[in-house]
file work_24.pdb (PDB, C-alpha atoms)
ATOM      1  CA  MET A  19      43.877  59.067 106.662
ATOM      2  CA  GLU A  20      42.198  58.507 103.298
ATOM      3  CA  LYS A  21      39.690  55.666 103.299
ATOM      4  CA  THR A  22      40.057  52.700 100.963
ATOM      5  CA  GLU A  23      37.367  51.711  98.489
ATOM      6  CA  GLN A  24      36.493  48.713 100.682
ATOM      7  CA  GLU A  25      35.907  51.017 103.652
ATOM      8  CA  TYR A  26      33.724  53.283 101.552
ATOM      9  CA  ALA A  27      31.782  50.243 100.353
ATOM     10  CA  LYS A  28      31.163  49.222 103.958
ATOM     11  CA  ILE A  29      29.929  52.721 104.815
ATOM     12  CA  TYR A  30      27.719  52.744 101.743
ATOM     13  CA  SER A  31      26.188  49.355 102.534
ATOM     14  CA  SER A  32      25.346  50.497 106.057
ATOM     15  CA  LYS A  33      23.114  53.213 104.580
ATOM     16  CA  LYS A  34      20.828  50.561 103.065
ATOM     17  CA  PHE A  35      21.299  51.611  99.446
ATOM     18  CA  LEU A  36      21.660  49.170  96.564
ATOM     19  CA  PRO A  37      24.639  46.795  96.887
ATOM     20  CA  PHE A  38      27.843  48.691  96.161
ATOM     21  CA  GLY A  39      28.880  48.237  92.523
ATOM     22  CA  SER A  40      25.463  47.128  91.271
ATOM     23  CA  GLY A  41      23.160  48.840  88.797
ATOM     24  CA  SER A  42      23.827  50.832  85.640
ATOM     25  CA  PRO A  43      27.048  52.821  85.085
ATOM     26  CA  ARG A  44      25.202  55.986  86.097
ATOM     27  CA  THR A  45      23.929  54.318  89.275
ATOM     28  CA  GLN A  46      27.418  53.094  90.098
ATOM     29  CA  PHE A  47      28.784  56.608  89.583
ATOM     30  CA  ARG A  48      26.194  58.025  91.974
ATOM     31  CA  GLN A  49      27.056  55.334  94.498
ATOM     32  CA  ARG A  50      30.704  56.302  94.373
ATOM     33  CA  GLU A  51      29.827  59.993  94.444
ATOM     34  CA  ARG A  52      27.774  59.627  97.632
ATOM     35  CA  VAL A  53      30.633  58.062  99.561
ATOM     36  CA  GLY A  54      33.359  60.348  98.241
ATOM     37  CA  LEU A  55      35.042  58.125  95.661
ATOM     38  CA  THR A  56      34.634  60.580  92.791
ATOM     39  CA  LYS A  57      36.457  63.805  92.147
ATOM     40  CA  LYS A  58      34.667  67.028  91.350
ATOM     41  CA  THR A  59      34.735  67.913  87.672
ATOM     42  CA  ILE A  60      36.848  70.972  86.979
ATOM     43  CA  LYS A  61      35.182  73.316  84.512
ATOM     44  CA  TYR A  62      37.456  75.480  82.407
ATOM     45  CA  SER A  63      36.096  78.631  80.828
ATOM     46  CA  VAL A  64      36.500  79.730  77.216
ATOM     47  CA  ASN A  65      35.503  82.904  75.388
ATOM     48  CA  GLU A  66      32.343  81.709  73.626
ATOM     49  CA  THR A  67      31.798  84.999  71.793
ATOM     50  CA  PHE A  68      35.180  84.601  70.059
ATOM     51  CA  PHE A  69      33.585  81.956  67.834
ATOM     52  CA  ASP A  70      30.507  84.081  67.066
ATOM     53  CA  ILE A  71      32.206  87.044  65.395
ATOM     54  CA  TRP A  72      34.275  86.608  62.235
ATOM     55  CA  SER A  73      37.856  87.806  62.541
ATOM     56  CA  ASP A  74      41.315  86.949  61.210
ATOM     57  CA  ASP A  75      42.090  85.132  64.461
ATOM     58  CA  LEU A  76      38.920  83.041  64.233
ATOM     59  CA  ALA A  77      39.591  82.140  60.595
ATOM     60  CA  TRP A  78      43.153  81.109  61.488
ATOM     61  CA  VAL A  79      41.974  78.923  64.384
ATOM     62  CA  LEU A  80      39.408  77.301  62.084
ATOM     63  CA  GLY A  81      42.178  76.477  59.613
ATOM     64  CA  LEU A  82      44.009  74.621  62.379
ATOM     65  CA  ILE A  83      40.860  72.792  63.476
ATOM     66  CA  TRP A  84      39.949  71.864  59.892
ATOM     67  CA  THR A  85      43.359  70.184  59.479
ATOM     68  CA  ASP A  86      44.704  69.077  62.879
ATOM     69  CA  GLY A  87      41.482  69.108  64.879
ATOM     70  CA  HIS A  88      38.693  66.668  65.602
ATOM     71  CA  LEU A  89      35.254  66.850  67.155
ATOM     72  CA  ASN A  90      33.909  64.348  69.675
ATOM     73  CA  LYS A  91      30.550  65.023  71.324
ATOM     74  CA  ASN A  92      30.941  68.364  73.145
ATOM     75  CA  THR A  93      34.711  68.604  72.833
ATOM     76  CA  VAL A  94      36.840  69.968  70.023
ATOM     77  CA  SER A  95      40.548  69.132  70.139
ATOM     78  CA  ILE A  96      43.678  70.080  68.224
ATOM     79  CA  THR A  97      46.820  67.943  68.220
ATOM     80  CA  SER A  98      50.184  69.420  67.301
ATOM     81  CA  LYS A  99      53.900  68.983  67.907
ATOM     82  CA  ASP A 100      54.151  72.767  68.203
ATOM     83  CA  LYS A 101      53.368  73.613  71.818
ATOM     84  CA  ASN A 102      53.763  77.358  71.243
ATOM     85  CA  LEU A 103      51.164  77.259  68.477
ATOM     86  CA  LEU A 104      48.601  75.605  70.769
ATOM     87  CA  GLU A 105      49.385  78.025  73.579
ATOM     88  CA  LYS A 106      48.631  80.853  71.150
ATOM     89  CA  VAL A 107      45.255  79.255  70.348
ATOM     90  CA  ASN A 108      44.471  78.986  74.062
ATOM     91  CA  SER A 109      45.417  82.627  74.532
ATOM     92  CA  ILE A 110      43.300  84.116  71.747
ATOM     93  CA  THR A 111      40.268  81.906  72.487
ATOM     94  CA  GLY A 112      40.446  82.488  76.239
ATOM     95  CA  ASN A 113      40.586  78.737  76.829
ATOM     96  CA  GLU A 114      41.760  78.056  80.387
ATOM     97  CA  ARG A 115      42.119  74.285  80.021
ATOM     98  CA  PRO A 116      45.856  73.474  80.109
ATOM     99  CA  LEU A 117      47.527  71.577  77.286
ATOM    100  CA  ARG A 118      48.067  67.859  77.734
ATOM    101  CA  ILE A 119      51.151  66.079  76.468
ATOM    102  CA  ARG A 120      50.606  62.770  74.694
ATOM    103  CA  VAL A 121      52.004  59.501  76.019
ATOM    104  CA  THR A 122      54.650  59.476  73.283
ATOM    105  CA  GLY A 123      55.879  62.864  74.469
ATOM    106  CA  ARG A 124      56.036  64.051  70.864
ATOM    107  CA  ALA A 125      52.790  66.003  70.595
ATOM    108  CA  TRP A 126      50.377  68.098  72.616
ATOM    109  CA  ASP A 127      46.589  68.124  72.817
ATOM    110  CA  LEU A 128      44.432  71.217  73.201
ATOM    111  CA  SER A 129      40.805  70.629  74.190
ATOM    112  CA  ILE A 130      37.833  72.975  74.361
ATOM    113  CA  CYS A 131      34.880  71.417  76.182
ATOM    114  CA  ASN A 132      31.941  73.720  75.602
ATOM    115  CA  ARG A 133      28.553  72.935  74.079
ATOM    116  CA  GLN A 134      27.994  76.428  72.724
ATOM    117  CA  VAL A 135      31.383  76.481  70.985
ATOM    118  CA  VAL A 136      30.823  73.020  69.506
ATOM    119  CA  LYS A 137      27.358  74.046  68.304
ATOM    120  CA  ARG A 138      28.838  77.077  66.564
ATOM    121  CA  LEU A 139      31.607  75.003  64.937
ATOM    122  CA  ARG A 140      29.021  72.536  63.651
ATOM    123  CA  GLU A 141      27.080  75.445  62.151
ATOM    124  CA  ILE A 142      30.244  76.578  60.358
ATOM    125  CA  GLY A 143      30.786  73.061  59.020
ATOM    126  CA  LEU A 144      32.931  70.986  61.390
ATOM    127  CA  ILE A 145      32.106  67.262  61.280
ATOM    128  CA  SER A 146      32.496  64.635  64.012
ATOM    129  CA  GLY A 147      34.842  61.689  63.647
ATOM    130  CA  VAL A 148      38.181  61.461  61.865
ATOM    131  CA  GLU A 149      36.908  59.424  58.903
ATOM    132  CA  GLY A 150      33.778  61.515  58.361
ATOM    133  CA  LYS A 151      35.785  64.725  58.678
ATOM    134  CA  THR A 152      38.348  63.583  56.105
ATOM    135  CA  ARG A 153      35.722  62.572  53.558
ATOM    136  CA  ASN A 154      33.073  65.240  53.942
ATOM    137  CA  ILE A 155      34.393  68.415  55.555
ATOM    138  CA  GLU A 156      34.364  71.414  53.226
ATOM    139  CA  PHE A 157      35.965  74.827  52.911
ATOM    140  CA  PRO A 158      33.772  76.882  55.279
ATOM    141  CA  ASN A 159      31.594  79.710  54.074
ATOM    142  CA  MET A 160      33.028  82.948  55.460
ATOM    143  CA  PRO A 161      33.503  86.592  54.477
ATOM    144  CA  PHE A 162      36.049  86.782  51.656
ATOM    145  CA  VAL A 163      38.359  89.096  53.595
ATOM    146  CA  PHE A 164      39.087  86.352  56.162
ATOM    147  CA  LYS A 165      39.820  83.508  53.734
ATOM    148  CA  SER A 166      43.545  84.279  53.598
ATOM    149  CA  SER A 167      43.763  83.814  57.383
ATOM    150  CA  PHE A 168      41.946  80.489  57.075
ATOM    151  CA  VAL A 169      44.500  79.377  54.468
ATOM    152  CA  ARG A 170      47.279  80.444  56.840
ATOM    153  CA  GLY A 171      45.713  78.149  59.440
ATOM    154  CA  LEU A 172      45.678  75.298  56.914
ATOM    155  CA  ILE A 173      49.395  75.851  56.305
ATOM    156  CA  ASP A 174      50.189  75.948  60.029
ATOM    157  CA  GLY A 175      48.141  72.786  60.497
ATOM    158  CA  ASP A 176      49.088  70.511  57.588
ATOM    159  CA  GLY A 177      51.541  72.533  55.539
ATOM    160  CA  CYS A 178      55.267  72.829  55.072
ATOM    161  CA  ILE A 179      57.616  75.339  53.436
ATOM    162  CA  THR A 180      60.808  74.584  51.513
ATOM    163  CA  ARG A 181      63.267  76.829  49.681
ATOM    164  CA  ARG A 182      64.088  76.832  45.992
ATOM    165  CA  VAL A 183      67.828  77.351  45.737
ATOM    166  CA  GLN A 184      69.723  78.110  42.532
ATOM    167  CA  GLY A 185      73.445  78.111  43.119
ATOM    168  CA  LYS A 186      73.944  80.090  46.303
ATOM    169  CA  ASN A 187      70.796  82.139  45.891
ATOM    170  CA  VAL A 188      67.304  81.467  47.202
ATOM    171  CA  LYS A 189      64.893  82.040  44.318
ATOM    172  CA  GLY A 190      61.658  81.402  46.134
ATOM    173  CA  LEU A 191      59.623  79.330  48.527
ATOM    174  CA  PHE A 192      57.474  76.274  47.920
ATOM    175  CA  VAL A 193      54.434  76.054  50.188
ATOM    176  CA  TYR A 194      52.833  72.608  50.360
ATOM    177  CA  ILE A 195      49.424  71.985  51.907
ATOM    178  CA  CYS A 196      47.874  68.535  52.256
ATOM    179  CA  GLY A 197      44.308  67.807  53.309
ATOM    180  CA  ALA A 198      40.785  66.630  52.557
ATOM    181  CA  SER A 199      39.693  66.958  48.935
ATOM    182  CA  ASN A 200      36.501  68.903  49.695
ATOM    183  CA  ILE A 201      38.487  71.548  51.582
ATOM    184  CA  PHE A 202      40.891  71.869  48.683
ATOM    185  CA  LYS A 203      38.148  72.500  46.166
ATOM    186  CA  GLY A 204      37.438  75.710  48.059
ATOM    187  CA  LEU A 205      41.153  76.416  48.483
ATOM    188  CA  VAL A 206      41.857  76.042  44.755
ATOM    189  CA  SER A 207      38.911  78.308  43.968
ATOM    190  CA  TRP A 208      40.341  80.974  46.291
ATOM    191  CA  LEU A 209      43.835  80.642  44.786
ATOM    192  CA  ARG A 210      42.403  81.160  41.307
ATOM    193  CA  GLU A 211      40.445  84.210  42.453
ATOM    194  CA  GLN A 212      43.698  85.640  43.824
ATOM    195  CA  ASN A 213      45.632  84.730  40.640
ATOM    196  CA  ILE A 214      48.111  82.731  42.719
ATOM    197  CA  ASN A 215      50.070  80.171  40.707
ATOM    198  CA  HIS A 216      49.766  76.681  42.135
ATOM    199  CA  SER A 217      50.012  73.011  41.277
ATOM    200  CA  LEU A 218      47.463  70.430  42.379
ATOM    201  CA  TYR A 219      48.352  66.815  43.162
ATOM    202  CA  PHE A 220      45.971  63.980  43.961
ATOM    203  CA  GLU A 221      47.300  61.847  46.813
ATOM    204  CA  THR A 222      44.080  59.791  46.813
ATOM    205  CA  ASP A 223      40.468  60.497  45.910
ATOM    206  CA  GLU A 224      40.021  61.916  49.419
ATOM    207  CA  MET A 225      43.394  63.609  49.994
ATOM    208  CA  TRP A 226      44.893  66.340  47.815
ATOM    209  CA  ARG A 227      48.112  68.322  47.912
ATOM    210  CA  VAL A 228      48.565  71.880  46.699
ATOM    211  CA  CYS A 229      51.949  73.426  45.935
ATOM    212  CA  ILE A 230      52.288  77.217  45.824
ATOM    213  CA  PHE A 231      55.482  78.869  44.583
ATOM    214  CA  ILE A 232      56.355  82.271  46.029
ATOM    215  CA  PRO A 233      59.227  83.998  44.179
ATOM    216  CA  ILE A 234      61.670  86.073  46.202
TER     217      ILE A 234
END
call {"tool": "encode", "arguments": {"input": "work_24.pdb", "output": "structure tokens"}}
result
Amino acid sequence: MEKTEQEYAKIYSSKKFLPFGSGSPRTQFRQRERVGLTKKTIKYSVNETFFDIWSDDLAWVLGLIWTDGHLNKNTVSITSKDKNLLEKVNSITGNERPLRIRVTGRAWDLSICNRQVVKRLREIGLISGVEGKTRNIEFPNMPFVFKSSFVRGLIDGDGCITRRVQGKNVKGLFVYICGASNIFKGLVSWLREQNINHSLYFETDEMWRVCIFIPI
């Protein structure tokens, strides 16, 4: 039969340690660990080298992180309503940590807990905190050939696509992307280099929206 916390406390006290529950949080954790009140931490592996070598897949994942992701200490997370999209990210990054559904049941969280991965993402330009990320994060410096995949990640993260219909015919697609202004400075520069027609809207000083029309 599993012992109660009171029984563990009695066992602990009999070993002549500090009173159970006293001391710093770390001391209290060690107290609980010694008498079996803590669970072993499960470590999930991830393919660290995936983030070291530029590829279309890496650029796409970065686009998702730059829009729907956030960094907290040694964990990078992505939140999305699209479970299949997050499962794809787990697959290509080799992340074994399972997805976690939010309390609302309307979105899923993907988390990668790895110091080396976080260090690499910081080197590329990811910033901690939601507010700091929104204000200061920039379009990352990467080989030109992979920028289109990064933009695709931005669209999958914070974009939407609508149709332009004339009569019964579809004349084209409108692609809208919304995000931090510093990211969009790099995005607009890339669109101009590619001679892609677009319209730029200022939601606020910190948030911009880009509209791209694709004729069919």
call {"tool": "resolve_selection", "arguments": {"input": "work_24.pdb", "expression": "the PyMOL selection byres ((chain A and resi 215-218) around 10)", "output": "list of chain:residue names"}}
result
A:Phe192, A:Val193, A:Tyr194, A:Ile195, A:Phe202, A:Val206, A:Leu209, A:Arg210, A:Gln212, A:Asn213, A:Ile214, A:Tyr219, A:Phe220, A:Glu221, A:Trp226, A:Arg227, A:Val228, A:Cys229, A:Ile230, A:Phe231, A:Ile232
call {"tool": "atom_distance", "arguments": {"input": "work_24.pdb", "atom1": "CA of Pro158 (chain A)", "atom2": "CA of Leu82 (chain A)"}}
result
12.7 Å
call {"tool": "residues_around", "arguments": {"input": "work_24.pdb", "residues": "Cys131 (chain A)", "least_positions_apart": "4", "cutoff": "9 Å", "atoms": "all atoms listed in the file", "output": "PyMOL selection string"}}
result
chain A and resi 61-64+92-95+115+135-136
call {"tool": "resolve_selection", "arguments": {"input": "work_24.pdb", "expression": "the PyMOL selection byres ((chain A and resi 106) around 12)", "output": "list in words"}}
result
Asp75, Trp78, Val79, Leu82, Asp100, Lys101, Asn102, Leu103, Leu104, Glu105, Val107, Asn108, Ser109, Ile110, Thr111, Gly112, Asn113, Glu114, Pro116, Leu117 and Leu128 of chain A
call {"tool": "atom_distance", "arguments": {"input": "work_24.pdb", "atom1": "CA of His88 (chain A)", "atom2": "CA of Ile145 (chain A)"}}
result
7.9 Å
call {"tool": "atom_distance", "arguments": {"input": "work_24.pdb", "atom1": "CA of Thr97 (chain A)", "atom2": "CA of Arg124 (chain A)"}}
result
10.3 Å
call {"tool": "closest_residue", "arguments": {"input": "work_24.pdb", "among": "A:Gly197, A:Lys99, A:Ile119, A:Ile71", "to": "Asp176 (chain A)", "atoms": "only C-alpha atoms"}}
result
A:Gly197
call {"tool": "closest_residue", "arguments": {"input": "work_24.pdb", "among": "A:Arg182, A:Lys91, A:Arg120, A:Lys165", "to": "Ser73 (chain A)", "atoms": "all atoms listed in the file"}}
result
A:Lys165
call {"tool": "closest_residue", "arguments": {"input": "work_24.pdb", "among": "A:Asp70, A:Ile130, A:Leu205, A:Asn154", "to": "Gly171 (chain A)", "atoms": "all atoms listed in the file"}}
result
A:Leu205
